[in-house]
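Chemist: Okay, here's the structure, questions in a sec.
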Amino acid sequence: MTPPLLVVDDLKTHFFTRRGITRAVDGVSFTLRAGETLALVGESGSGKSVTCLSLVRLVPEPAGRIVGGRVLLDGEDLLGKSPAEMRRVRGKQIAMVLQDPMTSLNPALTIGTQIGEVVRLHQGLRGASLRARALEALRRLRIAAAETRLGQFQHQLSGGMRQRVSSAIAMSCAPRLLIADEPTTSLDVTIQAQYLDLLKEVQQATGVAIILVTHDFGIVAANADRVAVMYAGRIVEIGSTLDVFNAPAHPYTRALLRCLPDIDARGGRLVEIGGQPPDLTRLPPGCPFAPRCSERQPRCETEYPAAVSIDDGHVANCWVAVAAGARPR
Amino acid sequence: MSPRRRRLPWFAGLVLAALVVAAVFAPYLAPHSPTEGDLIKKSIPPIWMEGGNPEHPLGTDRFGRDVLSRIIWGSRISLVVSLVAIGVAGTLGTLLGLVSGYRGGRTDAVLMRLTDIGLSLPTILIAVVMVAVSEPSFRNVVLVIALLLWPRFARQVRGETLAIKEHDFVALAVVAGRSSAWIIRRHIFPNVVPTLLVISTLQVGYVILLEGTLSFLGVGVPPPNPAWGLMIADGRGFLATAWWMSLFPGLAMLLTVLAVNLMGDWLRDHLDPRLRQVGPQVELLGPAVTQPESTPARGIAAASGEP
């Protein structure tokens, strides 16, 4: 098996505030292979976005700081790089698509200029070949009338179009890792599906690895190869999408899946998870989900659960799963 | 947007156009020399008064210099001083504002305290001190005004930068491997330009008044230059008998400042980024850019979560 493209090992990003230390990301580990899509799911504030920002070292300083762990891209530790080295890695190897297409394009520059500049920076093209490359980037994301678009500004485009243009910019220098932080949240449902299909198409053509942050299980099911469920700054369950959906091992994952509306069960009230996500400045010693967990055991309140293998590549951190007979990793 | 707000303020435009024409073509428009007077013809009243002379429509001053000619030449001084001073202060202030807003932290703190100091400088005192240590000259007037003006630019541009910096395209530019200098120049600065245009325009009125004040106090452009402030000062001893010496340059100043401020207000409404989007968005509805969505939409079931 080929070595993974990205290895995240025990990543810790904390925010130092007047109220105390917020452990936004507290020991996240996962791997990602080229051409694979990993979905990060979880409630708001569970650390999905901060994990992504940490990968490209864009954690808002000085409050936020990566305090531990390693991020290996192709075996090179990104956290140890100097700002200048990091700059080289970012554009060429890693690209990003963010949630809000309204602010991801510069309103003062034309689309053509914005794509052109990224292409020129990383491939040193000029003139006609630069333009050809920009057009190609737009066409790959199925942007109609690409030539007209080059001369247009962001306010002349629809939301879906903008998101495709920012993706075109992100993909224009053939990155190896694309971090998509809730790319479809502000798009309407039909455009969401189209956009994600398009992303998949581009992935198949280029072999880019994608980290897809979302809280929509529908998107996970349709697009991700693997899924990592995050809670209170940690991954509580990770595995192939099929495994996690068919046999969720962590009560939190089960609860999340129960929250989804079922097309066959009409008229019933939607299930919710009672209680509040924990205060990240004052995490309990045990499992942070324990206070809201319906299957809580005494041990859950005192000791953080060990990682247990449910299946090949399917891991959960839960004492209930341990009690059910899963073998510790 | 109401059509009323978009309409060009014709009065202000007219006054400003007249000012620019007067400044540029002063040698051809002014009937007399602005500095050479004929003492025999001193203190002639305006043309419509008893004793008026058709050669001097707005009368002459106590040295026999033509008031109209001096006002025309004076527009040149007002205009050049404001353009140069605003140019200098705008460049400096914008640069510091951009750096301050983008870098944040200690840089920001230091630069903004400097700005606070700059904003609290007592205008007239500084001017008088400046002149006490050096001669009144065109260059010194510009320097004094620029010194008093840059913090206004710095403060405003910094605020704007703070807002623009939070947009995703800035974060994405960082991810794309751009340097801070490049991001400031290419992503932040173009978005500050509309604001810059508006504050620059709004400052013109202030600068003209300030220049007038300095000249009036004798610490501005040195005599015998026909600065409006100097003319007002010259005539102030004769307000009861020869009011035209002071009134007409004062009127010129009033009209100019009023026109510039009206223009600035209009520009601000016009360049407001929230309003700017209205125009082109409407055109999108035209047939030229309908988007054939090429990927067929999938069923809702596929998107709703069954694996």
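We name chains A, B, ... following the order of the structure tokens; residues begin at 1 in each chain, and ligands are numbered from 1 as shown.
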Would you mind writing down, as number ranges by chain, each residue of region 89-286 of chain B that DSSP on the backbone assigns to alpha helix (DSSP H)?

Modeler: B: 89-103, 105-119, 123-133, 138-165, 168-175, 180-183, 189-216, 228-235, 244-271, 273-276, 278-283

Chemist: Neighbours of region 166-169 of chain B within 7 Å (only C-alpha atoms; same-chain residues fewer than 3 positions away dropped), as a list in words?

Modeler: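 Listing them by chain and then by number gives Thr103, Ser104, Leu105 and Asn106 of chain A; Leu162, Ala163, Leu172 and Ala173 of chain B.
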
Chemist: With N, CA, C and O atoms retained, could you export that selection as a CSV table (one decimal), in the first residue's frame?

Modeler:
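The resulting out07.csv:
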chain,number,residue,atom,x,y,z
A,103,THR,N,-17.3,36.0,0.3
A,103,THR,CA,-16.0,36.8,0.6
A,103,THR,C,-14.8,36.1,0.2
A,103,THR,O,-13.7,36.5,0.5
A,104,SER,N,-14.9,35.0,-0.6
A,104,SER,CA,-13.7,34.3,-1.0
A,104,SER,C,-13.1,34.8,-2.3
A,104,SER,O,-12.0,34.4,-2.6
A,105,LEU,N,-13.8,35.8,-2.9
A,105,LEU,CA,-13.2,36.4,-4.1
A,105,LEU,C,-13.0,37.9,-3.8
A,105,LEU,O,-13.8,38.5,-3.1
A,106,ASN,N,-11.9,38.5,-4.3
A,106,ASN,CA,-11.7,39.9,-4.1
A,106,ASN,C,-12.6,40.7,-5.0
A,106,ASN,O,-12.6,40.6,-6.2
B,162,LEU,N,-8.8,46.5,8.5
B,162,LEU,CA,-9.2,45.5,9.5
B,162,LEU,C,-10.4,44.8,9.0
B,162,LEU,O,-10.5,43.5,9.1
B,163,ALA,N,-11.3,45.5,8.3
B,163,ALA,CA,-12.5,44.8,7.8
B,163,ALA,C,-12.2,43.9,6.6
B,163,ALA,O,-12.6,42.8,6.6
B,172,LEU,N,-7.2,33.0,1.8
B,172,LEU,CA,-7.0,32.1,0.7
B,172,LEU,C,-5.7,32.5,0.0
B,172,LEU,O,-4.9,31.7,-0.5
B,173,ALA,N,-5.4,33.9,0.0
B,173,ALA,CA,-4.2,34.3,-0.6
B,173,ALA,C,-3.0,33.8,0.2
B,173,ALA,O,-1.9,33.5,-0.4

Chemist: Considering only C-alpha atoms, return as a list in words whatever protein or nucleic-acid residues lie within 10 Å of Ala180 (chain A), sequence-local ones (same chain, fewer than 6 positions apart) excluded.

Modeler: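 What passes the distance filter is Ala39, Ser49, Cys52, Ala95, Met96, Val97, Leu98, Gln99, Ser167, Ala170, Ile210, Ile211, Leu212, Val213 and Thr214 of chain A.
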
Chemist: Could you take the residues named above and write them with N, CA and C atoms, as a CSV table (one decimal), in the first residue's frame?

Modeler:
chain,number,residue,atom,x,y,z
A,39,ALA,N,-14.2,12.9,5.4
A,39,ALA,CA,-15.1,13.9,5.9
A,39,ALA,C,-14.9,14.1,7.4
A,49,SER,N,-13.1,23.1,11.9
A,49,SER,CA,-12.4,24.2,11.2
A,49,SER,C,-11.0,24.5,11.7
A,52,CYS,N,-8.5,22.2,10.3
A,52,CYS,CA,-8.2,22.6,9.0
A,52,CYS,C,-7.2,23.7,9.0
A,95,ALA,N,-4.4,23.5,-1.1
A,95,ALA,CA,-5.3,24.6,-1.5
A,95,ALA,C,-6.6,24.5,-0.6
A,96,MET,N,-7.3,25.6,-0.6
A,96,MET,CA,-8.5,25.6,0.3
A,96,MET,C,-9.7,26.2,-0.3
A,97,VAL,N,-10.8,25.7,0.0
A,97,VAL,CA,-12.1,26.3,-0.4
A,97,VAL,C,-12.9,26.5,0.9
A,98,LEU,N,-13.4,27.7,1.1
A,98,LEU,CA,-14.0,28.1,2.3
A,98,LEU,C,-15.5,28.2,2.2
A,99,GLN,N,-16.1,28.4,3.3
A,99,GLN,CA,-17.6,28.3,3.4
A,99,GLN,C,-18.3,29.4,2.6
A,167,SER,N,-13.2,27.5,-6.3
A,167,SER,CA,-12.6,26.1,-6.5
A,167,SER,C,-11.7,26.0,-7.6
A,170,ALA,N,-8.6,27.5,-6.6
A,170,ALA,CA,-7.9,26.5,-5.7
A,170,ALA,C,-7.2,25.4,-6.5
A,210,ILE,N,-9.0,15.1,-0.5
A,210,ILE,CA,-9.9,16.1,-0.1
A,210,ILE,C,-10.2,15.9,1.4
A,211,ILE,N,-10.1,17.0,2.2
A,211,ILE,CA,-10.7,16.9,3.5
A,211,ILE,C,-11.9,17.8,3.4
A,212,LEU,N,-13.1,17.1,3.7
A,212,LEU,CA,-14.3,17.8,3.5
A,212,LEU,C,-15.0,18.0,4.9
A,213,VAL,N,-15.0,19.2,5.3
A,213,VAL,CA,-15.7,19.6,6.6
A,213,VAL,C,-17.1,19.8,6.3
A,214,THR,N,-18.0,19.2,7.1
A,214,THR,CA,-19.4,19.4,6.9
A,214,THR,C,-20.1,19.0,8.2

Chemist: Only residues of chain A matter here; which ones have an atom within 7 Å of chain B, counting only C-alpha atoms? Give them as a ChimeraX atom specification.

Modeler: /A:56,87-88,90-91,95-96,103-106,108,144,155-156,190,193-194,217-219,221-222,242,245

Chemist: Of the candidates A:Arg176, A:Arg164, A:Arg234, A:Lys12, which one gets nearest to Pro101 (chain A) if we count only C-alpha atoms?

Modeler: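 Smallest separation from Pro101 (chain A) among the options: A:Arg164.
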
Chemist: Nearest to Val50 (chain A) among A:Gln192, A:Thr2, A:Thr13, A:Thr302, with distances taken over only C-alpha atoms: which residue is it?

Modeler: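 Looking only at the distances to Val50 (chain A), the closest residue turns out to be A:Thr13.
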
Chemist: Tell me, as a PyMOL selection string, which residues lie within 6 Å of region 281-298 of chain A, counting only C-alpha atoms; anything in the same chain fewer than 3 positions away does not count.

Modeler: chain A and resi 20-22+275+301-304

Chemist: So that I can check the surroundings of Phe15 (chain A), please list as a VMD selection string every protein, DNA and RNA residue that reaches within 8 Å of it, counting only C-alpha atoms and ignoring chain neighbours fewer than 5 positions away.

Modeler: chain A and resid 21 to 24 63 to 65

Chemist: With a distance cut-off of 12 Å and only C-alpha atoms, select the neighbouring residues of Arg133 (chain A), excluding the residue or stretch itself and same-chain residues fewer than 5 positions from it, and output the selection as a ChimeraX atom specification.

Modeler: /A:112,115-120,122-128,138-140,146-147,150,168-169,171-174

Chemist: I'd like the contact shell of Met130 (chain B) - 12 Å cut-off, only C-alpha atoms, skipping same-chain residues fewer than 3 positions apart - returned as an mmCIF file with N, CA and C atoms, in the first residue's frame.

Modeler:
data_model
loop_
_atom_site.group_PDB
_atom_site.id
_atom_site.type_symbol
_atom_site.label_atom_id
_atom_site.label_comp_id
_atom_site.auth_asym_id
_atom_site.auth_seq_id
_atom_site.Cartn_x
_atom_site.Cartn_y
_atom_site.Cartn_z
ATOM 1 N N THR B 123 -3.494 72.635 15.639
ATOM 2 C CA THR B 123 -3.208 73.063 14.275
ATOM 3 C C THR B 123 -2.402 74.362 14.203
ATOM 4 N N ILE B 124 -3.007 75.410 14.766
ATOM 5 C CA ILE B 124 -2.426 76.743 14.592
ATOM 6 C C ILE B 124 -1.071 76.832 15.287
ATOM 7 N N LEU B 125 -1.008 76.242 16.477
ATOM 8 C CA LEU B 125 0.235 76.280 17.238
ATOM 9 C C LEU B 125 1.377 75.648 16.443
ATOM 10 N N ILE B 126 1.093 74.479 15.900
ATOM 11 C CA ILE B 126 2.104 73.782 15.112
ATOM 12 C C ILE B 126 2.548 74.651 13.940
ATOM 13 N N ALA B 127 1.563 75.246 13.292
ATOM 14 C CA ALA B 127 1.878 76.076 12.138
ATOM 15 C C ALA B 127 2.785 77.233 12.546
ATOM 16 N N VAL B 133 10.534 78.506 13.232
ATOM 17 C CA VAL B 133 11.840 77.908 13.022
ATOM 18 C C VAL B 133 12.258 77.957 11.554
ATOM 19 N N SER B 134 11.334 78.271 10.666
ATOM 20 C CA SER B 134 11.710 78.382 9.256
ATOM 21 C C SER B 134 10.878 79.484 8.618
ATOM 22 N N GLU B 135 11.201 79.851 7.410
ATOM 23 C CA GLU B 135 10.483 80.924 6.735
ATOM 24 C C GLU B 135 9.143 80.422 6.223
ATOM 25 N N PRO B 136 8.159 81.302 6.151
ATOM 26 C CA PRO B 136 6.943 80.882 5.460
ATOM 27 C C PRO B 136 7.269 80.667 3.988
ATOM 28 N N SER B 137 6.902 79.506 3.483
ATOM 29 C CA SER B 137 7.120 79.254 2.071
ATOM 30 C C SER B 137 6.076 78.249 1.622
ATOM 31 N N ARG B 139 6.538 75.408 0.332
ATOM 32 C CA ARG B 139 6.887 74.059 0.761
ATOM 33 C C ARG B 139 6.500 73.822 2.222
ATOM 34 N N ASN B 140 6.780 74.826 3.072
ATOM 35 C CA ASN B 140 6.463 74.659 4.488
ATOM 36 C C ASN B 140 4.969 74.565 4.744
ATOM 37 N N VAL B 141 4.193 75.332 3.990
ATOM 38 C CA VAL B 141 2.736 75.252 4.137
ATOM 39 C C VAL B 141 2.277 73.834 3.838
ATOM 40 N N VAL B 142 2.772 73.304 2.730
ATOM 41 C CA VAL B 142 2.381 71.945 2.345
ATOM 42 C C VAL B 142 2.795 70.948 3.429
ATOM 43 N N LEU B 143 3.997 71.118 3.953
ATOM 44 C CA LEU B 143 4.486 70.181 4.966
ATOM 45 C C LEU B 143 3.635 70.241 6.233
ATOM 46 N N VAL B 144 3.332 71.467 6.677
ATOM 47 C CA VAL B 144 2.517 71.615 7.887
ATOM 48 C C VAL B 144 1.159 70.947 7.691
ATOM 49 N N ILE B 145 0.550 71.240 6.555
ATOM 50 C CA ILE B 145 -0.779 70.680 6.314
ATOM 51 C C ILE B 145 -0.712 69.155 6.228
ATOM 52 N N LEU B 147 1.407 67.233 7.639
ATOM 53 C CA LEU B 147 1.667 66.721 8.977
ATOM 54 C C LEU B 147 0.378 66.620 9.787
ATOM 55 N N LEU B 148 -0.510 67.588 9.557
ATOM 56 C CA LEU B 148 -1.754 67.592 10.313
ATOM 57 C C LEU B 148 -2.791 66.647 9.699
ATOM 58 N N LEU B 214 -3.852 79.789 7.677
ATOM 59 C CA LEU B 214 -2.416 80.016 7.805
ATOM 60 C C LEU B 214 -2.012 81.309 7.104
ATOM 61 N N VAL B 219 1.374 83.080 8.332
ATOM 62 C CA VAL B 219 2.335 81.984 8.383
ATOM 63 C C VAL B 219 2.131 81.017 7.223
ATOM 64 N N GLY B 220 1.385 81.477 6.226
ATOM 65 C CA GLY B 220 1.123 80.602 5.086
ATOM 66 C C GLY B 220 2.015 80.981 3.920
#

Chemist: Which residue, B:Val67, B:Leu8, B:Leu202, B:Ile40, has the smallest gap to Val257 (chain B) when you use only C-alpha atoms?

Modeler: B:Leu202

Chemist: Go through B:Gly250, B:Gly104, B:Gly59, B:Gly13 one by one, measure the shortest atom-to-atom distance of each to Ala233 (chain B) using only C-alpha atoms, and give the residue with the smallest value.

Modeler: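 Of the candidates, the smallest distance to Ala233 (chain B) is held by B:Gly250.
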
Chemist: Between CA of Ala181 (chain B) and CA of Thr113 (chain A), what distance in Å does the model show, to one decimal?

Modeler: 17.8 Å
